[in-house]
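Here the structure is laid out as structure tokens; the discussion comes afterwards.
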Amino acid sequence: MTRWLPQAYLSLVYLALYIPIAVLVVFSFNDGRTGYRWGGFSLRWYEALFNNSAMMQALWNSLWLAVSAATLSTLIGSLTALALHRYRFRGKRALRGMLFVVMMSPEIVLAISLLALFLLVGIELGYVSLLLAHVTFCLPFVVITVMARLSGFDDRLPEAARDLGATDFIMTRTVLLPVIMPALLAGWLLGFTLSLDDVVVSTFVSGPGYEILPLRIYSMVRVGLKPEVNALGTLLLVFSLLMLLMSQWILARSKR
Amino acid sequence: MTQKTLLSLRNLGKSFSGKNVLDSLDLDIGDGEFITLLGPSGCGKTTLLRLLAGFEIPDSGNIELAGSDITHLPPEQRPLNTVFQNYALFPHMSVYDNVAYGLKMEKRPKEEIRQRVDDVLAMVQLGDFAGRKPHQLSGGQQQRVAIARAVIKRPKLLLLDEPLSALDFKLRRTMQIELKRLQRELGITFVFVTHDQEEALSMSDRVVVLMNGQIQQKGTPREIYERPANLFTARFVGETNLFPGTLEQVGDQQITVNVSGYRRSMPCPRFPVSNGQSVHVLLRPEDIRVLEPDADHGFPGKVVERNYKGSTLDSVIHLEDGTEVLASEFFDEEDPTFDYQLGEPVRVSWVDGWEWLLPKEPDAVDETQAADV
Amino acid sequence: MMKHRRRMFRGLRQPFRTGVLVLVWGWLLALVLVPNLLVIAASFLTRDPGTFISLPVTLENYRSLMDPLYLEVFLHSLYMASVTTLVCLLIGYPFAWALSRVGKERQLLLIFLLIVPFWTNSLVRTYALKLLMATNGLINNGLMALGVIDEPMRMLYTEGAVIVGLVYLLLPFMILPLYSVFDDLRQELLLASHDLGAGRFSTFIHVVVPLTLPGILAGVMLVLLPAMGLFFVPDILGGSRNLLVGNVIKNQFLDARDWPFGAAAAILLTLAMALLLFTHRLSQRRLGEGGDL
């Protein structure tokens, strides 16, 4: 079998994946108005972006939502993972199945079902409804990340700690937490990104009082091309890349 | 060798990224032989097997099977089959489909396939398991399926790549006997790869000892064990005590060897000898005799370890010059003084004519490699 | 084993356990089970301008799904999603195979490069495609400059644009499960097949395809369903004629305010998911492996 053919094929697909992103980044520095033709280097779209107060407000809203959704889902998700790992209880299979279904079901179905619930119960569409929705779809991903870590965890470590005289509290602090901490961080970062990226669910459960970034972008890009979006997209790309590198670094370091 | 040659390898060489794995290797294998390739990991035995199967193409030399050159034939066209190390059973197929696979590829009629699969499954005593999936079988049963799958096409040659290494000790013994029986019944030539010297000795008609891509020795198990061609073979196959000796009084038939001051006369070795030459005197643990401290010959020493092995008593004896000697003795019911105390002084000697001489060789054999098996 | 595991965190005892289980079950029941039951119920009710839904119970919504107008939209959506899935499979299958044959060190880097886009805002990436495909966008300008075409091609607002967008967003979801089955595929099985007389093609059909089937099905599941739901892709790239089921559901809920009908459409989507999940489980069981999670 020729060796270069698979290599060439891999390269081709990566090229196709990255060309649009590269174009986006390059044109965010374009001085031209049209967004199609190169008109020299400029930071004007970044300037326009930072001067767009509605956009900035949406950005802060989104970040705050992502931070709180990631934190809450990591808290609930890691406790759930612990319970699934160490306890035998009735309905364990059902719980796993339910989380699996949440992960697999089409986002739009989750979206409309939550919309129906919020309107029925009378929860105003805004920060709270968004938070509840985001935590719900982040939850299974956090559970999986932490469970994967726990499954590689030697069950005898806590026993060893107790054998050496540690109390439960000290054992949890000195053995359990350090072991699952990388998974908690990775789960948090995943939740953060999922929340920041979500369009489908947010479209349904957000209200006029709390505008978030993806929806702002959505309304901008539906009609025509907006060079500010290039600038924003570039910033988000750099930001995600940093987050991803961080989570990979945390996971890799903890494997040593 | 009286049989006609089935497989002959000439000047076979293979290297991976500049490292020679096989080095101009020559070997003839007779029709119907059970031949074992024995060596530590990394000695080239697996590469040799892959060259035979057609999974690799040699850099030089050629492979001839029953008179025709198969060196560059793809694996699917070679009239030989392989039993893989971890069986490589197709997990998505039943036992029946696994075994029938080769015949289906030959596009045999359905009825013939059914008949032959039934026969071969009966032969490996798995007639009742045809409908099972591989993961529903025990290790030993999977092993039998792998063998059945490989022999159903009646290959001229069966390659077995450490087929027993995944089984536990007892099952391994059973399968060794089973494999011998199958080989006799089928009359197929077996090329068996292993790093387990006991397995090699007990199963084969002939053993080929490999090291660093070169054949160290080929011969019957008995030749390999009793008359090793060099230090590597001696150390790799079985336990060995090595004594440095110097030749004195070289005669036509007999020579006298001085082993640290203790003189023994023995028949001439096969290699040319001269007075004053340094040699190794090889003694297997069962050649050693442990004598009372007041015996009139033997090296003085004391017992530092004793292990009761059921049928034998193994002891380690520390000689006065610091050498350690391993002795393995059968029980003598008549002798009440047979057992030793630790620290007890004894003398060590050996049965006349059971020693084996090798010329002194620079200790070039990489011991770490030999030891990591 | 279990005994041993019970002992292991002896300190975190009953109250903790009960608390965690109440919390997570409470969350899932309130925000997953109840809302889904609501949707199921809504799909059998009648539209009401004020309260969104009201009695009587009816099958009318499911009947409307069969209305030629909607049926056409659904079939078109299903068609685009299927083509998307097929294209992802055709690109992703050899890709995953090639990826699994690369050296381990480089494999990690390549997988990292594959998930970077996944961590990047999907709207922004869809927008980037728009940048390329617009009438006076980069592709047209480039091709015209090279003299390949004389006047710009119409790429945006076509069925093809939607499919390109969906493939671009969903390709990693096809590749990752395929990669994991290819990574598990033991090389000796292929050698064994050759050894038993099978050529490349036979080996591919009889060994490679059946063994990678769970990955194929998982990939299909992860691509086909979102490909019917990602309403923003047609919104940005496809114009008004290339709608997905997702667009229909969104329009019914947010614009037309016909909840029962939207709910019925959503249930159709859920049933499709259930069917795919079931097939996937079945194929895994055939290989004698347990399901995940």
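As shown in the structure tokens, the chain order sets the letters A, B, ...; within each chain, residues go from 1, and ligands are also counted from 1 in the order they appear.
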
Segment 203-217 of chain A: which residues within 8 Å, counting only C-alpha atoms, same-chain residues fewer than 3 positions away excluded, as a ChimeraX atom specification?
-> /A:55,57-59,61-62,111-112,114-115,124-127,129-130,133,196-200,220-221,229 /C:123-124,254

Output C-alpha atoms for every residue in the selection just made, as a compact mmCIF listing (two decimals), in the first residue's frame.
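That gives us part.txt:
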```txt
# COMPACT_ATOMS: atom_id res chain seq x y z
CA MET A 55 -22.74 43.38 21.27
CA GLN A 57 -23.52 43.55 26.61
CA ALA A 58 -24.43 40.29 24.88
CA LEU A 59 -20.85 39.11 25.24
CA ASN A 61 -24.22 38.10 29.37
CA SER A 62 -22.98 35.05 27.50
CA ALA A 111 -35.52 23.21 23.45
CA ILE A 112 -39.24 23.07 22.80
CA LEU A 114 -38.17 23.30 28.08
CA LEU A 115 -39.99 26.22 26.48
CA GLU A 124 -39.85 34.23 32.91
CA LEU A 125 -37.66 33.72 29.85
CA GLY A 126 -34.26 35.20 30.64
CA TYR A 127 -31.21 34.37 32.66
CA SER A 129 -34.52 29.85 32.03
CA LEU A 130 -31.27 29.91 30.04
CA ALA A 133 -31.60 24.78 30.07
CA LEU A 196 -21.09 29.61 24.89
CA ASP A 197 -21.67 27.88 21.55
CA ASP A 198 -25.31 26.95 21.93
CA VAL A 199 -27.74 28.43 19.43
CA VAL A 200 -30.60 25.98 19.15
CA MET A 220 -26.52 39.77 12.40
CA VAL A 221 -25.41 37.05 9.99
CA VAL A 229 -18.56 39.20 13.02
CA LEU C 123 -22.55 30.09 13.97
CA VAL C 124 -19.25 31.77 13.31
CA LEU C 254 -41.96 30.84 17.75
```

With a distance threshold of 6 Å and counting only C-alpha atoms, extract the residues of chain C near chain A and express them as a PyMOL selection string.
-> chain C and resi 8+11+35-36+39+98+119-121+124+128-129+137+236+266+293

Interface rows for chain B against chain C: nearest pair, Å to one decimal, 8 Å, only C-alpha atoms, as JSON lines:
```
{"residue": "B:Ala53", "atom": "CA", "partner": "C:Asp195", "partner_atom": "CA", "distance": 7.1}
{"residue": "B:Phe55", "atom": "CA", "partner": "C:Leu191", "partner_atom": "CA", "distance": 7.2}
{"residue": "B:Pro75", "atom": "CA", "partner": "C:Asp195", "partner_atom": "CA", "distance": 5.3}
{"residue": "B:Glu76", "atom": "CA", "partner": "C:Gly197", "partner_atom": "CA", "distance": 3.8}
{"residue": "B:Gln77", "atom": "CA", "partner": "C:Gly197", "partner_atom": "CA", "distance": 6.2}
{"residue": "B:Arg78", "atom": "CA", "partner": "C:Asp195", "partner_atom": "CA", "distance": 7.8}
{"residue": "B:Leu80", "atom": "CA", "partner": "C:Asp195", "partner_atom": "CA", "distance": 7.7}
{"residue": "B:Asn81", "atom": "CA", "partner": "C:Asp195", "partner_atom": "CA", "distance": 5.8}
{"residue": "B:Thr82", "atom": "CA", "partner": "C:Asp195", "partner_atom": "CA", "distance": 6.7}
{"residue": "B:Phe84", "atom": "CA", "partner": "C:Glu188", "partner_atom": "CA", "distance": 7.6}
{"residue": "B:Ala88", "atom": "CA", "partner": "C:Leu189", "partner_atom": "CA", "distance": 5.2}
{"residue": "B:Leu89", "atom": "CA", "partner": "C:Leu189", "partner_atom": "CA", "distance": 6.9}
{"residue": "B:Phe90", "atom": "CA", "partner": "C:Leu189", "partner_atom": "CA", "distance": 6.5}
{"residue": "B:Pro91", "atom": "CA", "partner": "C:Leu287", "partner_atom": "CA", "distance": 6.0}
{"residue": "B:His92", "atom": "CA", "partner": "C:Leu287", "partner_atom": "CA", "distance": 5.1}
{"residue": "B:Tyr101", "atom": "CA", "partner": "C:Leu196", "partner_atom": "CA", "distance": 7.1}
{"residue": "B:Gly102", "atom": "CA", "partner": "C:Leu196", "partner_atom": "CA", "distance": 4.7}
{"residue": "B:Met105", "atom": "CA", "partner": "C:Ala198", "partner_atom": "CA", "distance": 5.7}
{"residue": "B:Glu106", "atom": "CA", "partner": "C:Gly197", "partner_atom": "CA", "distance": 7.2}
{"residue": "B:His135", "atom": "CA", "partner": "C:Gly288", "partner_atom": "CA", "distance": 6.8}
{"residue": "B:Ala150", "atom": "CA", "partner": "C:Leu196", "partner_atom": "CA", "distance": 7.3}
```

Pick out each residue of segment 86-213 of chain B that DSSP on the backbone tags as strand (DSSP E); I need them as a VMD selection string.
-> chain B and resid 157 to 161 189 to 194 206 to 211

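Here atom CA of Ser64 of chain C and atom CA of Leu86 of chain C stand 29.3 Å from one another.
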
DSSP alpha helix (DSSP H) residues within segment 88-211 of chain B, as an MDAnalysis selection string = chainID B and resid 95:105 110:123 139:151 169:186 197:203
